[in-house]
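Everything below belongs to target-v5.txt, which stores compact mmCIF, N, CA and C atoms.
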# COMPACT_ATOMS: atom_id res chain seq x y z
N TYR A 514 38.48 -25.37 -3.39
CA TYR A 514 37.17 -25.96 -3.31
C TYR A 514 36.11 -24.91 -3.53
N THR A 515 34.88 -25.35 -3.75
CA THR A 515 33.78 -24.44 -4.04
C THR A 515 32.84 -24.38 -2.85
N ILE A 516 32.46 -23.19 -2.48
CA ILE A 516 31.48 -23.02 -1.41
C ILE A 516 30.13 -22.83 -2.08
N GLY A 517 29.21 -23.73 -1.82
CA GLY A 517 27.88 -23.65 -2.43
C GLY A 517 26.90 -22.94 -1.53
N VAL A 518 25.86 -22.45 -2.13
CA VAL A 518 24.77 -21.83 -1.38
C VAL A 518 23.83 -22.93 -0.91
N ALA A 519 23.53 -22.93 0.37
CA ALA A 519 22.61 -23.93 0.91
C ALA A 519 21.23 -23.73 0.29
N THR A 520 20.55 -24.83 0.07
CA THR A 520 19.20 -24.78 -0.48
C THR A 520 18.25 -25.53 0.45
N LEU A 521 17.13 -24.91 0.72
CA LEU A 521 16.08 -25.52 1.53
C LEU A 521 14.86 -25.76 0.66
N THR A 522 13.91 -26.52 1.18
CA THR A 522 12.67 -26.74 0.45
C THR A 522 11.49 -26.18 1.23
N ILE A 523 10.55 -25.65 0.49
CA ILE A 523 9.20 -25.36 0.99
C ILE A 523 8.31 -26.23 0.13
N SER A 524 7.61 -27.15 0.76
CA SER A 524 6.81 -28.10 -0.01
C SER A 524 5.54 -28.44 0.75
N GLY A 525 4.64 -29.11 0.06
CA GLY A 525 3.40 -29.52 0.70
C GLY A 525 2.41 -30.05 -0.31
N HIS A 526 1.18 -30.17 0.14
CA HIS A 526 0.09 -30.69 -0.69
C HIS A 526 -1.07 -29.71 -0.73
N VAL A 527 -1.78 -29.73 -1.85
CA VAL A 527 -3.05 -29.02 -2.00
C VAL A 527 -4.09 -30.11 -2.16
N ARG A 528 -5.07 -30.14 -1.24
CA ARG A 528 -6.03 -31.25 -1.22
C ARG A 528 -7.46 -30.75 -1.19
N ASP A 529 -8.33 -31.60 -1.73
CA ASP A 529 -9.77 -31.36 -1.70
C ASP A 529 -10.39 -32.63 -1.12
N GLY A 530 -10.81 -32.55 0.15
CA GLY A 530 -11.38 -33.72 0.80
C GLY A 530 -10.39 -34.86 0.92
N GLY A 531 -9.13 -34.54 1.11
CA GLY A 531 -8.10 -35.57 1.26
C GLY A 531 -7.50 -36.05 -0.05
N ILE A 532 -8.05 -35.60 -1.17
CA ILE A 532 -7.55 -36.00 -2.49
C ILE A 532 -6.75 -34.85 -3.08
N GLY A 533 -5.60 -35.15 -3.64
CA GLY A 533 -4.74 -34.13 -4.21
C GLY A 533 -5.40 -33.37 -5.35
N VAL A 534 -5.20 -32.06 -5.38
CA VAL A 534 -5.70 -31.21 -6.46
C VAL A 534 -4.57 -31.06 -7.49
N GLN A 535 -4.73 -31.71 -8.61
CA GLN A 535 -3.72 -31.64 -9.67
C GLN A 535 -3.84 -30.31 -10.41
N ASN A 536 -2.70 -29.76 -10.82
CA ASN A 536 -2.62 -28.52 -11.60
C ASN A 536 -3.10 -27.27 -10.86
N ALA A 537 -3.04 -27.30 -9.53
CA ALA A 537 -3.27 -26.07 -8.78
C ALA A 537 -2.01 -25.22 -8.95
N ASN A 538 -2.18 -23.93 -9.07
CA ASN A 538 -1.05 -23.01 -9.18
C ASN A 538 -0.64 -22.61 -7.76
N VAL A 539 0.61 -22.85 -7.40
CA VAL A 539 1.12 -22.45 -6.09
C VAL A 539 2.21 -21.42 -6.33
N SER A 540 1.99 -20.23 -5.77
CA SER A 540 2.96 -19.15 -5.99
C SER A 540 3.80 -18.92 -4.74
N LEU A 541 5.02 -18.48 -4.98
CA LEU A 541 5.97 -18.18 -3.92
C LEU A 541 6.36 -16.72 -4.06
N SER A 542 5.95 -15.90 -3.09
CA SER A 542 6.32 -14.49 -3.10
C SER A 542 7.64 -14.36 -2.36
N ASP A 543 8.69 -14.11 -3.13
CA ASP A 543 10.04 -14.03 -2.56
C ASP A 543 10.82 -12.92 -3.23
N GLY A 544 10.12 -12.01 -3.87
CA GLY A 544 10.79 -10.98 -4.64
C GLY A 544 10.88 -11.34 -6.11
N LEU A 545 10.80 -12.64 -6.41
CA LEU A 545 10.84 -13.10 -7.80
C LEU A 545 9.47 -13.57 -8.28
N ASN A 546 8.56 -13.82 -7.32
CA ASN A 546 7.21 -14.28 -7.64
C ASN A 546 7.21 -15.52 -8.53
N THR A 547 7.78 -16.58 -8.03
CA THR A 547 7.87 -17.86 -8.71
C THR A 547 6.58 -18.64 -8.52
N SER A 548 6.23 -19.50 -9.47
CA SER A 548 5.07 -20.37 -9.27
C SER A 548 5.33 -21.73 -9.90
N VAL A 549 4.63 -22.73 -9.34
CA VAL A 549 4.68 -24.10 -9.86
C VAL A 549 3.26 -24.65 -9.88
N MET A 550 3.08 -25.75 -10.61
CA MET A 550 1.81 -26.44 -10.64
C MET A 550 1.94 -27.72 -9.82
N THR A 551 0.87 -28.09 -9.12
CA THR A 551 0.90 -29.32 -8.35
C THR A 551 0.86 -30.53 -9.27
N ASP A 552 1.42 -31.64 -8.79
CA ASP A 552 1.41 -32.88 -9.58
C ASP A 552 0.10 -33.63 -9.37
N ILE A 553 0.04 -34.85 -9.85
CA ILE A 553 -1.19 -35.65 -9.78
C ILE A 553 -1.67 -35.91 -8.35
N ASP A 554 -0.74 -35.85 -7.39
CA ASP A 554 -1.08 -36.05 -5.97
C ASP A 554 -1.31 -34.74 -5.24
N GLY A 555 -1.25 -33.61 -5.95
CA GLY A 555 -1.42 -32.32 -5.32
C GLY A 555 -0.16 -31.81 -4.63
N PHE A 556 0.98 -32.43 -4.93
CA PHE A 556 2.24 -32.07 -4.29
C PHE A 556 2.95 -30.96 -5.07
N TYR A 557 3.61 -30.08 -4.32
CA TYR A 557 4.43 -29.03 -4.94
C TYR A 557 5.71 -28.89 -4.12
N ARG A 558 6.73 -28.28 -4.72
CA ARG A 558 7.99 -28.04 -4.01
C ARG A 558 8.73 -26.86 -4.64
N PHE A 559 9.26 -26.02 -3.75
CA PHE A 559 10.15 -24.93 -4.15
C PHE A 559 11.50 -25.17 -3.50
N LEU A 560 12.57 -24.91 -4.23
CA LEU A 560 13.93 -24.91 -3.69
C LEU A 560 14.31 -23.46 -3.46
N VAL A 561 14.66 -23.13 -2.22
CA VAL A 561 14.89 -21.73 -1.86
C VAL A 561 16.15 -21.56 -1.01
N PRO A 562 16.77 -20.39 -1.08
CA PRO A 562 17.88 -20.12 -0.18
C PRO A 562 17.37 -19.81 1.23
N PRO A 563 18.17 -20.08 2.25
CA PRO A 563 17.76 -19.81 3.63
C PRO A 563 17.81 -18.33 3.98
N ASN A 564 17.32 -18.04 5.18
CA ASN A 564 17.40 -16.70 5.77
C ASN A 564 16.62 -15.64 5.02
N ARG A 565 15.53 -16.06 4.41
CA ARG A 565 14.66 -15.11 3.71
C ARG A 565 13.22 -15.35 4.13
N ASN A 566 12.36 -14.41 3.75
CA ASN A 566 10.93 -14.51 4.02
C ASN A 566 10.22 -14.98 2.76
N TYR A 567 9.24 -15.86 2.94
CA TYR A 567 8.49 -16.41 1.81
C TYR A 567 7.02 -16.51 2.17
N THR A 568 6.16 -16.23 1.18
CA THR A 568 4.72 -16.47 1.32
C THR A 568 4.30 -17.41 0.20
N VAL A 569 3.60 -18.48 0.58
CA VAL A 569 3.13 -19.50 -0.36
C VAL A 569 1.62 -19.38 -0.46
N THR A 570 1.11 -19.30 -1.71
CA THR A 570 -0.33 -19.11 -1.94
C THR A 570 -0.82 -20.03 -3.05
N PRO A 571 -1.82 -20.88 -2.75
CA PRO A 571 -2.40 -21.74 -3.80
C PRO A 571 -3.59 -21.05 -4.48
N THR A 572 -3.77 -21.33 -5.77
CA THR A 572 -4.97 -20.87 -6.48
C THR A 572 -5.43 -21.97 -7.43
N PHE A 573 -6.72 -22.02 -7.62
CA PHE A 573 -7.33 -22.93 -8.58
C PHE A 573 -8.70 -22.36 -8.89
N PRO A 574 -9.08 -22.26 -10.17
CA PRO A 574 -10.37 -21.64 -10.52
C PRO A 574 -11.54 -22.28 -9.76
N GLY A 575 -12.35 -21.42 -9.11
CA GLY A 575 -13.55 -21.86 -8.43
C GLY A 575 -13.33 -22.45 -7.04
N LYS A 576 -12.08 -22.44 -6.55
CA LYS A 576 -11.81 -23.03 -5.23
C LYS A 576 -11.20 -22.00 -4.30
N THR A 577 -11.55 -22.12 -3.02
CA THR A 577 -10.98 -21.30 -1.95
C THR A 577 -10.23 -22.23 -1.02
N PHE A 578 -9.10 -21.78 -0.50
CA PHE A 578 -8.26 -22.65 0.32
C PHE A 578 -8.10 -22.13 1.75
N ALA A 579 -7.88 -23.09 2.64
CA ALA A 579 -7.55 -22.77 4.03
C ALA A 579 -6.27 -23.52 4.37
N PRO A 580 -5.29 -22.81 4.88
CA PRO A 580 -5.25 -21.35 4.94
C PRO A 580 -5.15 -20.76 3.54
N ALA A 581 -5.44 -19.47 3.41
CA ALA A 581 -5.37 -18.81 2.10
C ALA A 581 -3.93 -18.69 1.64
N SER A 582 -3.00 -18.57 2.60
CA SER A 582 -1.57 -18.53 2.31
C SER A 582 -0.81 -18.86 3.59
N ARG A 583 0.47 -19.11 3.44
CA ARG A 583 1.36 -19.35 4.59
C ARG A 583 2.61 -18.52 4.40
N THR A 584 3.02 -17.85 5.47
CA THR A 584 4.23 -17.04 5.42
C THR A 584 5.27 -17.61 6.37
N PHE A 585 6.50 -17.67 5.88
CA PHE A 585 7.64 -18.14 6.67
C PHE A 585 8.65 -17.01 6.75
N PHE A 586 9.20 -16.80 7.94
CA PHE A 586 10.15 -15.72 8.15
C PHE A 586 11.54 -16.26 8.43
N GLU A 587 12.53 -15.73 7.68
CA GLU A 587 13.94 -16.07 7.92
C GLU A 587 14.15 -17.57 8.09
N ILE A 588 13.69 -18.37 7.13
CA ILE A 588 13.72 -19.82 7.30
C ILE A 588 15.14 -20.35 7.42
N GLN A 589 15.27 -21.33 8.31
CA GLN A 589 16.55 -21.99 8.57
C GLN A 589 16.50 -23.48 8.26
N ASN A 590 15.27 -24.01 8.10
CA ASN A 590 15.06 -25.44 7.87
C ASN A 590 14.01 -25.62 6.78
N ASN A 591 13.91 -26.85 6.27
CA ASN A 591 12.85 -27.16 5.31
C ASN A 591 11.50 -26.89 5.96
N GLN A 592 10.56 -26.41 5.17
CA GLN A 592 9.24 -26.06 5.68
C GLN A 592 8.15 -26.78 4.89
N THR A 593 7.02 -27.03 5.57
CA THR A 593 5.86 -27.66 4.94
C THR A 593 4.67 -26.73 5.03
N ALA A 594 3.96 -26.59 3.92
CA ALA A 594 2.73 -25.80 3.90
C ALA A 594 1.69 -26.57 3.11
N ASP A 595 0.71 -27.13 3.84
CA ASP A 595 -0.39 -27.86 3.23
C ASP A 595 -1.63 -26.96 3.18
N PHE A 596 -2.42 -27.16 2.14
CA PHE A 596 -3.63 -26.37 1.94
C PHE A 596 -4.81 -27.28 1.63
N SER A 597 -6.00 -26.91 2.12
CA SER A 597 -7.21 -27.69 1.86
C SER A 597 -8.29 -26.81 1.27
N VAL A 598 -9.08 -27.39 0.37
CA VAL A 598 -10.20 -26.67 -0.23
C VAL A 598 -11.26 -26.45 0.85
N VAL A 599 -11.79 -25.23 0.91
CA VAL A 599 -12.86 -24.89 1.83
C VAL A 599 -14.19 -25.27 1.18
N ARG A 600 -14.95 -26.10 1.87
CA ARG A 600 -16.26 -26.53 1.36
C ARG A 600 -17.32 -25.50 1.73
N THR A 601 -18.13 -25.11 0.77
CA THR A 601 -19.24 -24.19 1.07
C THR A 601 -20.55 -24.95 0.87
N ILE A 602 -21.49 -24.60 1.71
CA ILE A 602 -22.80 -25.30 1.66
C ILE A 602 -23.83 -24.38 1.06

Output the file's structure as structure tokens, nothing else.
Amino acid sequence: YTIGVATLTISGHVRDGGIGVQNANVSLSDGLNTSVMTDIDGFYRFLVPPNRNYTVTPTFPGKTFAPASRTFFEIQNNQTADFSVVRTI
């Protein structure tokens, strides 16, 4: 039989006033520096191996996010990281 490597997800939404931000770039710092674009609902997902550290950071021209990034240490379970646009007055 084959022993497979377990895969976990780090996923979430990038939102502006509760509305998904489409085509936001979300990067995953894991030694490989992977990135994905959010879908029409602002959703993104990474498939990752467990027991590692990851930092997730959203970017979009002209927008600032809170939190600016999220870091997970030695993950053992699926993780969620949601981000919201910071409104400036």

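For the atom pair formed by atom CA of A:Thr570 and atom CA of A:Gly555, the distance is 13.7 Å, given to one decimal.
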
Between A:Arg600, A:Arg565, A:His526, A:Lys576, single out the one closest to A:Ile588, counting all atoms listed in the file.
->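 Nearest candidate to A:Ile588 out of A:Arg600, A:Arg565, A:His526, A:Lys576: A:Arg565.
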
For the atom pair atom CA of A:Gly544 and atom CA of A:Asp529, what is the interatomic distance in Å to one decimal place?
->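 If I compute the distance from atom CA of A:Gly544 to atom CA of A:Asp529, I get 29.1 Å.
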
Residues near stretch 548-552 of chain A, cut-off 6 Å, all atoms listed in the file, skip fewer than 5 positions along chain, as number ranges by chain = A: 534-541, 557

Among the residues A:Gly525, A:Ala519, A:Pro580, A:Ile532, the one that comes closest to A:Ile553 [using only C-alpha atoms] = A:Ile532

Shell around A:Ser542 at 5 Å using all atoms listed in the file, local window under 4 positions removed, as an MDAnalysis selection string | chainID A and resid 546 567:568

Point-to-point distance in Å for atom CA of A:Asp543 and atom CA of A:Phe556 | 19.7 Å

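Each of A:Ser582, A:Val561, A:Thr547, A:Leu521 was checked against A:Phe596 using all atoms listed in the file; the smallest atom-to-atom distance is that of A:Ser582.
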
From the list A:Val569, A:Phe559, A:Thr601, A:Asp554, the nearest residue to A:Phe585 using only C-alpha atoms is A:Val569

Quick one: pick out all strand (DSSP E) residues within chain A from a backbone DSSP run and write them as a ChimeraX atom specification.
-> /A:521-529,532-533,538-542,547-550,556-561,567-572,578-579,583-585,592-593,596-598

Measuring atom to atom with all atoms listed in the file, identify which of A:Thr572, A:Ser597, A:Gln592, A:Asn564 is nearest to A:Gly531.
-> A:Ser597

Could you model all heavy atoms for stretch 564-575 of chain A and present them as a PDB file, keeping the file's coordinate frame?
ATOM      1  N   ASN A 564      17.320 -18.040   5.180  1.00  0.00           N
ATOM      2  CA  ASN A 564      17.400 -16.700   5.770  1.00  0.00           C
ATOM      3  C   ASN A 564      16.620 -15.640   5.020  1.00  0.00           C
ATOM      4  O   ASN A 564      16.993 -14.471   5.002  1.00  0.00           O
ATOM      5  CB  ASN A 564      18.872 -16.243   5.902  1.00  0.00           C
ATOM      6  CG  ASN A 564      19.685 -17.222   6.708  1.00  0.00           C
ATOM      7  OD1 ASN A 564      19.268 -17.654   7.765  1.00  0.00           O
ATOM      8  ND2 ASN A 564      20.840 -17.602   6.185  1.00  0.00           N
ATOM      9  N   ARG A 565      15.530 -16.060   4.410  1.00  0.00           N
ATOM     10  CA  ARG A 565      14.660 -15.110   3.710  1.00  0.00           C
ATOM     11  C   ARG A 565      13.220 -15.350   4.130  1.00  0.00           C
ATOM     12  O   ARG A 565      12.881 -16.353   4.715  1.00  0.00           O
ATOM     13  CB  ARG A 565      14.796 -15.276   2.196  1.00  0.00           C
ATOM     14  CG  ARG A 565      16.159 -14.896   1.684  1.00  0.00           C
ATOM     15  CD  ARG A 565      16.199 -14.892   0.193  1.00  0.00           C
ATOM     16  NE  ARG A 565      17.560 -14.638  -0.278  1.00  0.00           N
ATOM     17  CZ  ARG A 565      17.912 -14.699  -1.535  1.00  0.00           C
ATOM     18  NH1 ARG A 565      17.025 -14.995  -2.464  1.00  0.00           N
ATOM     19  NH2 ARG A 565      19.158 -14.455  -1.892  1.00  0.00           N
ATOM     20  N   ASN A 566      12.360 -14.410   3.750  1.00  0.00           N
ATOM     21  CA  ASN A 566      10.930 -14.510   4.020  1.00  0.00           C
ATOM     22  C   ASN A 566      10.220 -14.980   2.760  1.00  0.00           C
ATOM     23  O   ASN A 566      10.532 -14.522   1.664  1.00  0.00           O
ATOM     24  CB  ASN A 566      10.367 -13.154   4.433  1.00  0.00           C
ATOM     25  CG  ASN A 566      11.049 -12.610   5.668  1.00  0.00           C
ATOM     26  OD1 ASN A 566      11.538 -13.356   6.504  1.00  0.00           O
ATOM     27  ND2 ASN A 566      11.084 -11.300   5.784  1.00  0.00           N
ATOM     28  N   TYR A 567       9.240 -15.860   2.940  1.00  0.00           N
ATOM     29  CA  TYR A 567       8.490 -16.410   1.810  1.00  0.00           C
ATOM     30  C   TYR A 567       7.020 -16.510   2.170  1.00  0.00           C
ATOM     31  O   TYR A 567       6.666 -16.862   3.289  1.00  0.00           O
ATOM     32  CB  TYR A 567       8.981 -17.813   1.458  1.00  0.00           C
ATOM     33  CG  TYR A 567      10.435 -17.863   1.074  1.00  0.00           C
ATOM     34  CD1 TYR A 567      11.401 -18.231   1.998  1.00  0.00           C
ATOM     35  CD2 TYR A 567      10.844 -17.539  -0.211  1.00  0.00           C
ATOM     36  CE1 TYR A 567      12.741 -18.277   1.654  1.00  0.00           C
ATOM     37  CE2 TYR A 567      12.188 -17.577  -0.573  1.00  0.00           C
ATOM     38  CZ  TYR A 567      13.129 -17.951   0.364  1.00  0.00           C
ATOM     39  OH  TYR A 567      14.449 -17.990   0.017  1.00  0.00           O
ATOM     40  N   THR A 568       6.160 -16.230   1.180  1.00  0.00           N
ATOM     41  CA  THR A 568       4.720 -16.470   1.320  1.00  0.00           C
ATOM     42  C   THR A 568       4.300 -17.410   0.200  1.00  0.00           C
ATOM     43  O   THR A 568       4.616 -17.179  -0.964  1.00  0.00           O
ATOM     44  CB  THR A 568       3.922 -15.154   1.239  1.00  0.00           C
ATOM     45  OG1 THR A 568       4.340 -14.300   2.305  1.00  0.00           O
ATOM     46  CG2 THR A 568       2.424 -15.420   1.350  1.00  0.00           C
ATOM     47  N   VAL A 569       3.600 -18.480   0.580  1.00  0.00           N
ATOM     48  CA  VAL A 569       3.130 -19.500  -0.360  1.00  0.00           C
ATOM     49  C   VAL A 569       1.620 -19.380  -0.460  1.00  0.00           C
ATOM     50  O   VAL A 569       0.924 -19.350   0.557  1.00  0.00           O
ATOM     51  CB  VAL A 569       3.522 -20.910   0.139  1.00  0.00           C
ATOM     52  CG1 VAL A 569       3.045 -21.972  -0.832  1.00  0.00           C
ATOM     53  CG2 VAL A 569       5.021 -21.001   0.376  1.00  0.00           C
ATOM     54  N   THR A 570       1.110 -19.300  -1.710  1.00  0.00           N
ATOM     55  CA  THR A 570      -0.330 -19.110  -1.940  1.00  0.00           C
ATOM     56  C   THR A 570      -0.820 -20.030  -3.050  1.00  0.00           C
ATOM     57  O   THR A 570      -0.305 -19.976  -4.163  1.00  0.00           O
ATOM     58  CB  THR A 570      -0.612 -17.650  -2.340  1.00  0.00           C
ATOM     59  OG1 THR A 570      -0.038 -16.772  -1.371  1.00  0.00           O
ATOM     60  CG2 THR A 570      -2.103 -17.386  -2.457  1.00  0.00           C
ATOM     61  N   PRO A 571      -1.820 -20.880  -2.750  1.00  0.00           N
ATOM     62  CA  PRO A 571      -2.400 -21.740  -3.800  1.00  0.00           C
ATOM     63  C   PRO A 571      -3.590 -21.050  -4.480  1.00  0.00           C
ATOM     64  O   PRO A 571      -4.312 -20.281  -3.841  1.00  0.00           O
ATOM     65  CB  PRO A 571      -2.873 -22.960  -3.017  1.00  0.00           C
ATOM     66  CG  PRO A 571      -3.303 -22.391  -1.704  1.00  0.00           C
ATOM     67  CD  PRO A 571      -2.367 -21.225  -1.438  1.00  0.00           C
ATOM     68  N   THR A 572      -3.770 -21.330  -5.770  1.00  0.00           N
ATOM     69  CA  THR A 572      -4.970 -20.870  -6.480  1.00  0.00           C
ATOM     70  C   THR A 572      -5.430 -21.970  -7.430  1.00  0.00           C
ATOM     71  O   THR A 572      -4.626 -22.740  -7.954  1.00  0.00           O
ATOM     72  CB  THR A 572      -4.713 -19.575  -7.277  1.00  0.00           C
ATOM     73  OG1 THR A 572      -3.635 -19.780  -8.184  1.00  0.00           O
ATOM     74  CG2 THR A 572      -4.416 -18.405  -6.373  1.00  0.00           C
ATOM     75  N   PHE A 573      -6.720 -22.020  -7.620  1.00  0.00           N
ATOM     76  CA  PHE A 573      -7.330 -22.930  -8.580  1.00  0.00           C
ATOM     77  C   PHE A 573      -8.700 -22.360  -8.890  1.00  0.00           C
ATOM     78  O   PHE A 573      -9.437 -21.977  -7.969  1.00  0.00           O
ATOM     79  CB  PHE A 573      -7.462 -24.348  -7.998  1.00  0.00           C
ATOM     80  CG  PHE A 573      -7.805 -25.386  -9.022  1.00  0.00           C
ATOM     81  CD1 PHE A 573      -6.812 -26.081  -9.698  1.00  0.00           C
ATOM     82  CD2 PHE A 573      -9.133 -25.679  -9.314  1.00  0.00           C
ATOM     83  CE1 PHE A 573      -7.119 -27.040 -10.653  1.00  0.00           C
ATOM     84  CE2 PHE A 573      -9.452 -26.636 -10.271  1.00  0.00           C
ATOM     85  CZ  PHE A 573      -8.446 -27.317 -10.936  1.00  0.00           C
ATOM     86  N   PRO A 574      -9.080 -22.260 -10.170  1.00  0.00           N
ATOM     87  CA  PRO A 574     -10.370 -21.640 -10.520  1.00  0.00           C
ATOM     88  C   PRO A 574     -11.540 -22.280  -9.760  1.00  0.00           C
ATOM     89  O   PRO A 574     -11.698 -23.493  -9.733  1.00  0.00           O
ATOM     90  CB  PRO A 574     -10.491 -21.901 -12.019  1.00  0.00           C
ATOM     91  CG  PRO A 574      -9.077 -22.041 -12.494  1.00  0.00           C
ATOM     92  CD  PRO A 574      -8.348 -22.713 -11.357  1.00  0.00           C
ATOM     93  N   GLY A 575     -12.350 -21.420  -9.110  1.00  0.00           N
ATOM     94  CA  GLY A 575     -13.550 -21.860  -8.430  1.00  0.00           C
ATOM     95  C   GLY A 575     -13.330 -22.450  -7.040  1.00  0.00           C
ATOM     96  O   GLY A 575     -14.282 -22.902  -6.421  1.00  0.00           O
TER      97      GLY A 575
END
